[in-house]
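Next up, coords_31.txt (compact mmCIF, C-alpha atoms):
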```
# COMPACT_ATOMS: atom_id res chain seq x y z
CA MET A 1 -4.96 3.58 62.99
CA LYS A 2 -4.66 7.00 61.37
CA ILE A 3 -2.10 5.67 58.85
CA LYS A 4 -4.32 2.72 58.02
CA LYS A 5 -7.27 5.03 57.31
CA TRP A 6 -5.07 7.27 55.20
CA LEU A 7 -3.77 4.30 53.22
CA ALA A 8 -7.31 3.02 52.73
CA SER A 9 -8.51 6.37 51.39
CA LEU A 10 -5.48 6.46 49.05
CA GLY A 11 -6.51 3.06 47.79
CA LEU A 12 -10.00 4.36 47.12
CA ILE A 13 -8.66 7.34 45.20
CA GLY A 14 -6.47 4.94 43.23
CA LEU A 15 -9.58 2.97 42.30
CA PHE A 16 -11.37 6.05 41.05
CA ALA A 17 -8.32 7.16 39.09
CA VAL A 18 -8.13 3.81 37.32
CA SER A 19 -11.81 3.79 36.43
CA SER A 20 -11.73 7.29 34.96
CA VAL A 21 -8.72 6.40 32.79
CA SER A 22 -10.57 3.43 31.36
CA ALA A 23 -13.71 5.46 30.63
CA LYS A 24 -14.39 5.19 26.91
CA THR A 25 -15.23 8.02 24.57
CA ASP A 26 -17.37 7.36 21.53
CA PRO A 27 -15.71 6.75 18.14
CA GLU A 28 -16.92 9.99 16.59
CA THR A 29 -15.40 12.02 19.42
CA ASP A 30 -12.19 9.99 19.03
CA ARG A 31 -12.11 10.75 15.33
CA LYS A 32 -12.77 14.46 15.71
CA SER A 33 -10.02 14.88 18.30
CA PHE A 34 -7.73 12.76 16.08
CA VAL A 35 -8.31 15.12 13.14
CA ASP A 36 -8.01 18.23 15.32
CA TYR A 37 -4.69 16.98 16.72
CA PHE A 38 -3.21 16.75 13.22
CA LYS A 39 -4.73 20.05 12.13
CA ASN A 40 -2.93 21.71 15.02
CA ARG A 41 0.29 19.76 14.64
CA HIS A 42 0.60 20.39 10.91
CA SER A 43 -1.14 23.73 10.44
CA GLY A 44 -1.10 24.72 6.81
CA VAL A 45 -1.57 21.17 5.49
CA GLU A 46 -4.98 20.77 3.87
CA MET A 47 -7.18 17.84 4.77
CA SER A 48 -7.11 16.59 1.19
CA ALA A 49 -3.32 16.34 1.28
CA TYR A 50 -3.20 13.85 4.15
CA MET A 51 -3.83 10.88 1.88
CA ASN A 52 -0.34 11.47 0.52
CA GLY A 53 1.30 10.61 3.81
CA ALA A 54 4.73 11.99 4.55
CA TYR A 55 4.76 13.71 1.16
CA ALA A 56 2.13 16.12 2.46
CA LEU A 57 4.65 17.36 5.01
CA ASN A 58 7.74 17.89 2.88
CA GLN A 59 7.73 19.91 -0.37
CA ALA A 60 10.89 18.41 -1.84
CA ALA A 61 9.74 14.85 -1.20
CA TYR A 62 6.30 15.76 -2.60
CA ASP A 63 7.75 17.09 -5.87
CA GLU A 64 9.95 14.03 -6.24
CA TRP A 65 7.00 11.75 -5.55
CA LEU A 66 4.83 13.57 -8.13
CA SER A 67 7.43 12.92 -10.81
CA ILE A 68 7.52 9.25 -9.79
CA GLU A 69 3.72 9.11 -10.01
CA GLU A 70 3.98 10.07 -13.70
CA PHE A 71 5.15 6.52 -14.23
CA PRO A 72 4.66 4.78 -10.93
CA PRO A 73 6.45 1.60 -9.85
CA TYR A 74 3.12 -0.12 -9.14
CA GLU A 75 2.35 -0.21 -12.89
CA LEU A 76 3.48 -3.81 -13.19
CA ALA A 77 1.34 -4.89 -10.24
CA LEU A 78 -1.67 -3.13 -11.78
CA GLY A 79 -1.20 -5.07 -15.00
CA GLU A 80 -0.94 -8.34 -13.12
CA GLY A 81 -3.93 -7.46 -10.93
CA GLU A 82 -6.07 -6.62 -13.94
CA ASP A 83 -5.25 -9.97 -15.54
CA ILE A 84 -6.09 -11.84 -12.32
CA TRP A 85 -9.39 -9.98 -11.84
CA ASN A 86 -10.50 -10.61 -15.42
CA THR A 87 -9.54 -14.29 -15.57
CA PRO A 88 -12.46 -16.57 -14.62
CA PHE A 89 -11.96 -19.40 -12.16
CA ALA A 90 -11.88 -23.02 -13.29
CA ASN A 91 -15.61 -23.22 -12.57
CA GLY A 92 -16.36 -20.30 -14.90
CA LYS A 93 -17.23 -17.74 -12.20
CA THR A 94 -15.32 -14.48 -11.78
CA TYR A 95 -14.22 -12.36 -8.82
CA GLN A 96 -17.00 -9.89 -9.63
CA ASP A 97 -19.57 -12.59 -8.91
CA CYS A 98 -18.51 -12.51 -5.24
CA PHE A 99 -19.17 -8.79 -4.85
CA ASP A 100 -22.17 -6.49 -5.13
CA THR A 101 -20.05 -3.51 -6.14
CA THR A 102 -17.64 -3.15 -9.05
CA PRO A 103 -14.11 -1.89 -8.43
CA GLU A 104 -14.98 1.25 -10.41
CA ASP A 105 -17.99 1.93 -8.17
CA GLY A 106 -15.87 1.93 -5.04
CA LEU A 107 -15.37 -1.68 -3.99
CA ARG A 108 -12.12 -0.70 -2.29
CA ALA A 109 -13.83 1.91 -0.06
CA LYS A 110 -16.40 -0.65 1.13
CA TYR A 111 -13.69 -2.37 3.17
CA PRO A 112 -13.01 -2.77 6.02
CA HIS A 113 -16.50 -3.19 7.41
CA TRP A 114 -18.23 -5.03 10.23
CA ASP A 115 -19.86 -8.29 9.19
CA ASP A 116 -22.56 -8.89 11.78
CA SER A 117 -23.46 -12.39 10.60
CA ARG A 118 -19.91 -13.54 11.26
CA LYS A 119 -19.29 -11.11 14.14
CA GLN A 120 -15.96 -9.95 12.69
CA VAL A 121 -14.28 -7.26 10.65
CA MET A 122 -14.05 -8.01 6.93
CA THR A 123 -11.13 -6.69 4.90
CA LEU A 124 -10.71 -6.54 1.13
CA GLU A 125 -7.91 -9.11 1.03
CA LEU A 126 -9.90 -11.48 3.23
CA ALA A 127 -12.91 -11.17 0.94
CA LEU A 128 -10.81 -11.72 -2.19
CA ASN A 129 -9.22 -14.88 -0.86
CA GLU A 130 -12.54 -16.20 0.46
CA CYS A 131 -13.90 -15.64 -3.03
CA ARG A 132 -11.14 -17.88 -4.34
CA SER A 133 -11.78 -20.62 -1.77
CA ALA A 134 -15.53 -20.48 -2.35
CA ASN A 135 -14.91 -21.14 -6.02
CA GLY A 136 -12.52 -24.04 -5.54
CA GLU A 137 -9.30 -22.10 -6.01
CA LYS A 138 -6.30 -22.15 -3.71
CA PRO A 139 -6.11 -18.87 -1.78
CA PHE A 140 -3.15 -16.52 -2.30
CA GLY A 141 -0.65 -15.59 0.42
CA TRP A 142 -1.76 -12.62 2.50
CA LYS A 143 1.06 -10.15 2.30
CA LYS A 144 2.59 -9.88 -1.14
CA GLY A 145 2.56 -11.16 -4.68
CA LYS A 146 -0.74 -11.92 -6.35
CA ILE A 147 -3.01 -10.79 -3.50
CA ALA A 148 -1.23 -7.43 -3.46
CA SER A 149 -1.50 -7.04 -7.24
CA LEU A 150 -5.19 -7.93 -7.18
CA SER A 151 -5.87 -5.55 -4.30
CA ALA A 152 -3.86 -2.86 -6.13
CA TYR A 153 -6.04 -3.21 -9.22
CA VAL A 154 -9.26 -2.97 -7.17
CA ALA A 155 -7.88 0.04 -5.30
CA PHE A 156 -6.76 1.80 -8.49
CA GLN A 157 -10.11 1.33 -10.23
CA GLY A 158 -11.88 2.64 -7.14
CA ARG A 159 -9.83 5.76 -6.54
CA GLY A 160 -11.73 8.76 -5.26
CA HIS A 161 -14.47 7.00 -3.31
CA MET A 162 -15.13 8.08 0.25
CA ILE A 163 -14.26 6.03 3.29
CA GLN A 164 -17.38 5.70 5.45
CA VAL A 165 -16.78 3.04 8.05
CA SER A 166 -19.77 2.52 10.31
CA ILE A 167 -19.96 0.90 13.75
CA PRO A 168 -23.47 -0.55 13.79
CA ASN A 169 -23.66 -2.21 17.19
CA GLY A 170 -21.95 -3.12 20.45
CA ASP A 171 -20.00 -6.03 18.96
CA ALA A 172 -18.60 -3.80 16.24
CA LEU A 173 -17.77 -1.20 18.85
CA ALA A 174 -15.85 -3.82 20.82
CA ALA A 175 -13.78 -4.61 17.71
CA TYR A 176 -13.15 -0.89 17.19
CA GLU A 177 -12.06 -0.54 20.83
CA MET A 178 -9.68 -3.48 20.45
CA GLY A 179 -8.16 -1.90 17.36
CA LYS A 180 -7.85 1.40 19.18
CA GLU A 181 -6.20 -0.23 22.18
CA PHE A 182 -3.74 -2.00 19.91
CA TYR A 183 -2.90 1.32 18.27
CA TYR A 184 -1.99 3.01 21.52
CA THR A 185 -0.35 0.07 23.31
CA LYS A 186 3.42 0.11 23.64
CA ARG A 187 4.98 -3.13 22.50
CA GLY A 188 8.27 -4.77 21.73
CA GLN A 189 11.79 -4.32 22.97
CA LEU A 190 11.65 -0.66 21.96
CA ALA A 191 8.35 -0.29 23.84
CA MET A 192 6.67 1.80 21.20
CA SER A 193 3.10 2.05 20.02
CA CYS A 194 1.81 2.90 16.57
CA ALA A 195 0.89 6.30 18.02
CA ASP A 196 4.42 6.96 19.25
CA CYS A 197 5.63 7.32 15.69
CA HIS A 198 2.59 8.29 13.68
CA VAL A 199 0.75 10.55 16.12
CA TYR A 200 3.13 12.03 18.67
CA ASN A 201 6.08 12.15 16.27
CA SER A 202 4.46 12.60 12.88
CA GLY A 203 6.59 14.86 10.75
CA ASN A 204 9.71 14.06 12.74
CA LYS A 205 12.51 11.97 11.32
CA VAL A 206 13.62 8.46 12.13
CA ARG A 207 17.15 8.58 10.74
CA ALA A 208 16.52 9.55 7.09
CA ASP A 209 12.80 8.80 6.97
CA MET A 210 10.01 11.18 7.80
CA LEU A 211 7.23 9.71 9.92
CA SER A 212 3.91 9.96 8.13
CA PRO A 213 0.84 11.20 10.00
CA ALA A 214 -1.68 8.55 11.00
CA LEU A 215 -4.45 10.62 9.44
CA GLY A 216 -4.97 9.22 5.98
CA HIS A 217 -2.94 6.05 6.48
CA THR A 218 -5.46 3.54 5.19
CA THR A 219 -6.40 5.53 2.08
CA HIS A 220 -3.49 4.51 -0.11
CA PHE A 221 -3.11 0.78 0.51
CA PRO A 222 -1.94 -1.59 -0.85
CA VAL A 223 1.42 0.07 -1.23
CA TYR A 224 4.49 -0.29 -3.41
CA ARG A 225 7.42 0.27 -1.12
CA SER A 226 10.82 0.93 -2.62
CA LYS A 227 12.21 -0.87 0.40
CA TRP A 228 10.35 -4.03 -0.64
CA GLY A 229 10.88 -3.44 -4.35
CA ALA A 230 7.35 -4.77 -4.61
CA MET A 231 3.71 -4.39 -3.72
CA GLY A 232 2.50 -5.26 -0.22
CA THR A 233 -0.76 -5.30 1.68
CA MET A 234 -1.61 -3.34 4.81
CA HIS A 235 -1.11 -6.39 7.00
CA ARG A 236 2.32 -6.86 5.54
CA ARG A 237 3.16 -3.36 6.73
CA TYR A 238 1.62 -4.00 10.15
CA GLY A 239 3.88 -7.01 10.59
CA GLY A 240 6.90 -4.99 9.56
CA CYS A 241 6.01 -2.15 11.92
CA ASN A 242 5.68 -4.55 14.84
CA GLU A 243 9.00 -6.20 14.05
CA GLN A 244 10.69 -2.82 13.67
CA VAL A 245 10.08 -2.14 17.37
CA ARG A 246 11.23 -5.71 18.07
CA ALA A 247 7.81 -6.98 18.88
CA ARG A 248 6.41 -10.27 17.67
CA SER A 249 4.19 -9.64 14.70
CA PHE A 250 0.69 -11.08 14.50
CA LYS A 251 -0.79 -13.23 11.77
CA ALA A 252 -1.87 -11.34 8.67
CA GLN A 253 -5.67 -11.22 8.45
CA GLY A 254 -5.88 -12.41 12.06
CA PRO A 255 -8.28 -10.66 14.46
CA GLU A 256 -5.66 -8.25 15.87
CA TYR A 257 -4.73 -6.72 12.52
CA ARG A 258 -8.29 -6.73 11.20
CA ASN A 259 -9.51 -4.83 14.27
CA LEU A 260 -6.56 -2.48 13.92
CA GLU A 261 -7.46 -1.83 10.29
CA TYR A 262 -11.08 -1.21 11.35
CA PHE A 263 -10.02 1.42 13.89
CA MET A 264 -7.57 3.10 11.52
CA ALA A 265 -10.06 3.19 8.65
CA TYR A 266 -12.71 4.74 10.92
CA MET A 267 -10.22 7.50 11.76
CA ASN A 268 -10.04 8.19 8.02
CA ASN A 269 -13.79 8.57 7.53
CA GLY A 270 -14.55 11.34 5.06
CA MET A 271 -11.29 10.86 3.16
CA GLU A 272 -11.02 9.39 -0.32
CA THR A 273 -9.24 6.18 -1.22
CA ASN A 274 -6.29 6.79 -3.50
CA GLY A 275 -4.50 3.47 -3.62
CA PRO A 276 -2.28 1.89 -4.60
CA GLY A 277 0.41 4.15 -3.22
CA ALA A 278 4.12 4.44 -4.03
CA ARG A 279 6.23 5.00 -0.98
CA LYS A 280 9.88 4.93 0.03
CA MET B 1 2.71 -5.25 -25.10
CA SER B 2 5.02 -6.45 -22.39
CA ILE B 3 6.79 -3.11 -22.01
CA ARG B 4 4.80 -0.39 -20.28
CA MET B 5 5.83 3.04 -21.49
CA ARG B 6 5.07 6.74 -21.44
CA ALA B 7 6.47 9.42 -23.72
CA LYS B 8 6.11 13.16 -23.22
CA GLU B 9 7.39 16.06 -25.29
CA GLN B 10 8.51 19.37 -23.83
CA SER B 11 10.24 22.16 -25.80
CA GLY B 12 11.30 19.83 -28.60
CA LEU B 13 12.73 17.22 -26.23
CA VAL B 14 10.89 13.91 -25.80
CA THR B 15 11.35 11.94 -22.59
CA VAL B 16 10.51 8.25 -22.90
CA LYS B 17 10.03 6.11 -19.79
CA ALA B 18 9.66 2.33 -19.97
CA LEU B 19 9.15 -0.43 -17.43
CA VAL B 20 9.44 -4.13 -18.17
CA LYS B 21 8.85 -7.13 -15.93
CA HIS B 22 11.97 -9.30 -15.98
CA PRO B 23 13.83 -11.25 -13.28
CA MET B 24 17.28 -10.04 -14.47
CA GLU B 25 19.13 -12.93 -12.86
CA THR B 26 22.87 -12.47 -12.62
CA GLY B 27 23.69 -16.18 -12.61
CA GLN B 28 25.46 -15.79 -9.27
CA ARG B 29 22.45 -16.17 -7.00
CA LYS B 30 21.79 -19.47 -5.24
CA ALA B 31 18.39 -21.08 -4.94
CA SER B 32 17.18 -22.48 -1.60
CA ASP B 33 18.65 -25.91 -2.47
CA GLY B 34 22.12 -24.41 -3.08
CA SER B 35 22.11 -24.62 -6.87
CA LEU B 36 22.90 -21.56 -8.94
CA VAL B 37 19.97 -19.75 -10.54
CA PRO B 38 20.99 -19.45 -14.19
CA ALA B 39 21.66 -16.03 -15.70
CA HIS B 40 18.58 -14.59 -17.35
CA PHE B 41 18.79 -10.95 -18.35
CA ILE B 42 17.86 -8.51 -21.09
CA GLN B 43 20.76 -8.17 -23.46
CA GLN B 44 19.80 -5.94 -26.37
CA ILE B 45 17.49 -2.94 -26.58
CA THR B 46 16.47 -1.01 -29.67
CA ALA B 47 14.24 2.05 -29.50
CA LYS B 48 12.79 3.68 -32.60
CA ALA B 49 10.93 6.92 -33.17
CA ASN B 50 8.90 6.91 -36.39
CA GLY B 51 10.93 3.93 -37.60
CA GLU B 52 14.28 5.60 -37.00
CA ILE B 53 16.61 4.20 -34.30
CA VAL B 54 17.05 6.69 -31.44
CA LEU B 55 18.60 4.38 -28.85
CA GLU B 56 20.54 1.14 -28.82
CA ALA B 57 21.70 -0.44 -25.61
CA GLN B 58 23.46 -3.59 -24.47
CA TRP B 59 22.65 -4.56 -20.92
CA SER B 60 24.46 -6.90 -18.55
CA PRO B 61 23.25 -8.68 -15.43
CA ALA B 62 24.31 -5.54 -13.54
CA VAL B 63 20.86 -4.10 -14.26
CA SER B 64 18.37 -5.10 -11.58
CA LYS B 65 15.00 -6.78 -11.61
CA ASN B 66 12.00 -5.21 -13.43
CA PRO B 67 14.24 -2.62 -15.07
CA TYR B 68 13.19 0.95 -15.68
CA LEU B 69 14.59 2.65 -18.76
CA ALA B 70 14.33 6.35 -19.48
CA PHE B 71 15.89 8.32 -22.31
CA GLN B 72 15.47 11.53 -24.27
CA TYR B 73 15.67 12.43 -27.94
CA ASP B 74 14.79 15.43 -30.08
CA GLY B 75 11.26 14.88 -31.27
CA LYS B 76 7.67 16.09 -31.38
CA LYS B 77 4.20 15.18 -30.21
CA GLY B 78 2.61 12.34 -32.13
CA ASP B 79 5.86 10.49 -32.82
CA THR B 80 5.45 6.70 -32.71
CA ILE B 81 7.84 5.08 -30.25
CA GLU B 82 8.69 1.39 -30.54
CA ILE B 83 10.94 -0.38 -28.04
CA ALA B 84 12.19 -3.92 -28.61
CA MET B 85 14.18 -5.94 -26.07
CA ILE B 86 15.79 -9.37 -26.37
CA ASP B 87 17.11 -11.36 -23.42
CA ASN B 88 19.91 -13.92 -23.31
CA GLU B 89 17.39 -16.75 -23.68
CA GLY B 90 16.12 -15.24 -26.90
CA LYS B 91 12.81 -14.05 -25.43
CA THR B 92 11.57 -10.80 -26.91
CA PHE B 93 9.64 -7.93 -25.34
CA ASP B 94 8.08 -4.99 -27.07
CA GLY B 95 6.23 -1.79 -26.41
CA LYS B 96 4.64 0.77 -28.67
CA GLY B 97 3.17 4.18 -27.96
CA LYS B 98 2.71 7.75 -29.11
CA VAL B 99 4.42 10.82 -27.73
CA LYS B 100 2.02 13.07 -25.83
```

When written as structure tokens, how does the structure in this file appear?
Amino acid sequence: MKIKKWLASLGLIGLFAVSSVSAKTDPETDRKSFVDYFKNRHSGVEMSAYMNGAYALNQAAYDEWLSIEEFPPYELALGEGEDIWNTPFANGKTYQDCFDTTPEDGLRAKYPHWDDSRKQVMTLELALNECRSANGEKPFGWKKGKIASLSAYVAFQGRGHMIQVSIPNGDALAAYEMGKEFYYTKRGQLAMSCADCHVYNSGNKVRADMLSPALGHTTHFPVYRSKWGAMGTMHRRYGGCNEQVRARSFKAQGPEYRNLEYFMAYMNNGMETNGPGARK
Amino acid sequence: MSIRMRAKEQSGLVTVKALVKHPMETGQRKASDGSLVPAHFIQQITAKANGEIVLEAQWSPAVSKNPYLAFQYDGKKGDTIEIAMIDNEGKTFDGKGKVK
């Protein structure tokens, strides 16, 4: 009888433990502790430097990257993106007709955002392709090629605008929470989460590569990766990251990656967009 | 202006950087149906500063896709740089700019 009582009380404690672990903090508290974590981990690195990723953490790599930026490898994609943006559709309308803001006025920084009428997160690439479909054009692929060039052009024209993701209501908060859970969930054969590399091990090396800090990650997308020899969108990178830990990747522009982008962008509130980026 | 370029002068030495979009096919690669993708690469490059040739190059398929070319010559700010490239199919590419 005594043992049974003891076991029962253990069970109760277990219940309480579980419920306190799942207690949710609010996004602003999450963000502040996120920023504080990196401030402590990389003391001496200014907030404004975080948009440069791993280059903010290594002087030699930073200098090398600065000389590459004098004539960056995303130049060709910018040219292609500019041509695509300025070419009207068959029906005479242009990409600008789909948007209230011009690229120069910070169109890039307006995404991702919560679209309450559709109850989902909207991303820039999603909006660009929906603009195409709405005007009778075949949408581009999601990860590379023309969509990446177009996104690169919009990002480049809108450099320097502040990221200010808002979470207007409970539905948006749920999407944010899903993105956050994805970020911290271990997955794949290597059982690693996004946080394992980019939070707990930021600044450490994976073989010859330095892990970039999560703070500032969404500012510089889309990205030209030397590894790809080409431009790629954020969801292309997400897929690659998942497959790197031997996890099945999700569909680009599907709900998982859009919620993930929403969470990650919120963490970068207050930072400026500086895409497209050139990375290793 | 199919060649994107930058040119900067420092202490009498001009560094010219150029990037051109080109598939640079070796002729050895196979397409998805098994057939060989024909060789298509930039063959001849001529670079001029103020009308005078400062670089001539002959490239082979060993140079990879979207090639980046950088070279230096003794020059000054305001020089006009012209780069002309011809590929093995006879297509021409050019770029023009001023040294900053």

Residues of chain B no more than 12 Å from chain A, counting all atoms listed in the file: send them over as number ranges by chain. B: 1-8, 15-22, 64-70

Written selection (C-alpha atoms) as an mmCIF file, in the coordinates of the input:
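Everything below was put into selection_13.cif:
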```
data_model
loop_
_atom_site.group_PDB
_atom_site.id
_atom_site.type_symbol
_atom_site.label_atom_id
_atom_site.label_comp_id
_atom_site.auth_asym_id
_atom_site.auth_seq_id
_atom_site.Cartn_x
_atom_site.Cartn_y
_atom_site.Cartn_z
ATOM 1 C CA MET B 1 2.710 -5.250 -25.100
ATOM 2 C CA SER B 2 5.020 -6.450 -22.390
ATOM 3 C CA ILE B 3 6.790 -3.110 -22.010
ATOM 4 C CA ARG B 4 4.800 -0.390 -20.280
ATOM 5 C CA MET B 5 5.830 3.040 -21.490
ATOM 6 C CA ARG B 6 5.070 6.740 -21.440
ATOM 7 C CA ALA B 7 6.470 9.420 -23.720
ATOM 8 C CA LYS B 8 6.110 13.160 -23.220
ATOM 9 C CA THR B 15 11.350 11.940 -22.590
ATOM 10 C CA VAL B 16 10.510 8.250 -22.900
ATOM 11 C CA LYS B 17 10.030 6.110 -19.790
ATOM 12 C CA ALA B 18 9.660 2.330 -19.970
ATOM 13 C CA LEU B 19 9.150 -0.430 -17.430
ATOM 14 C CA VAL B 20 9.440 -4.130 -18.170
ATOM 15 C CA LYS B 21 8.850 -7.130 -15.930
ATOM 16 C CA HIS B 22 11.970 -9.300 -15.980
ATOM 17 C CA SER B 64 18.370 -5.100 -11.580
ATOM 18 C CA LYS B 65 15.000 -6.780 -11.610
ATOM 19 C CA ASN B 66 12.000 -5.210 -13.430
ATOM 20 C CA PRO B 67 14.240 -2.620 -15.070
ATOM 21 C CA TYR B 68 13.190 0.950 -15.680
ATOM 22 C CA LEU B 69 14.590 2.650 -18.760
ATOM 23 C CA ALA B 70 14.330 6.350 -19.480
#
```

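Minimum distance to Gly78 (chain B) across B:Glu56, B:Phe41, B:Glu9, B:Phe93 (counting all atoms listed in the file) occurs at B:Glu9.
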
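Note that the spacing between CA of Leu66 (chain A) and CA of Cys241 (chain A) amounts to 25.5 Å.
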
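Note that CA of Val54 (chain B) and CA of Tyr73 (chain B) are 6.9 Å apart.
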
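Minimum distance to Tyr153 (chain A) across A:Glu28, A:Glu125, A:Glu82, A:Asp209 (counting all atoms listed in the file) occurs at A:Glu82.
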
Could you check the closest approach to Gly254 (chain A) for each of A:Asn40, A:Thr123, A:Asn169, A:Asn268 and tell me which residue wins, using all atoms listed in the file? A:Thr123

Selection near Arg236 (chain A), 7 Å with all atoms listed in the file, sequence-local residues under 3 positions removed, as a PyMOL selection string: chain A and resi 143+232-233+239-240+252
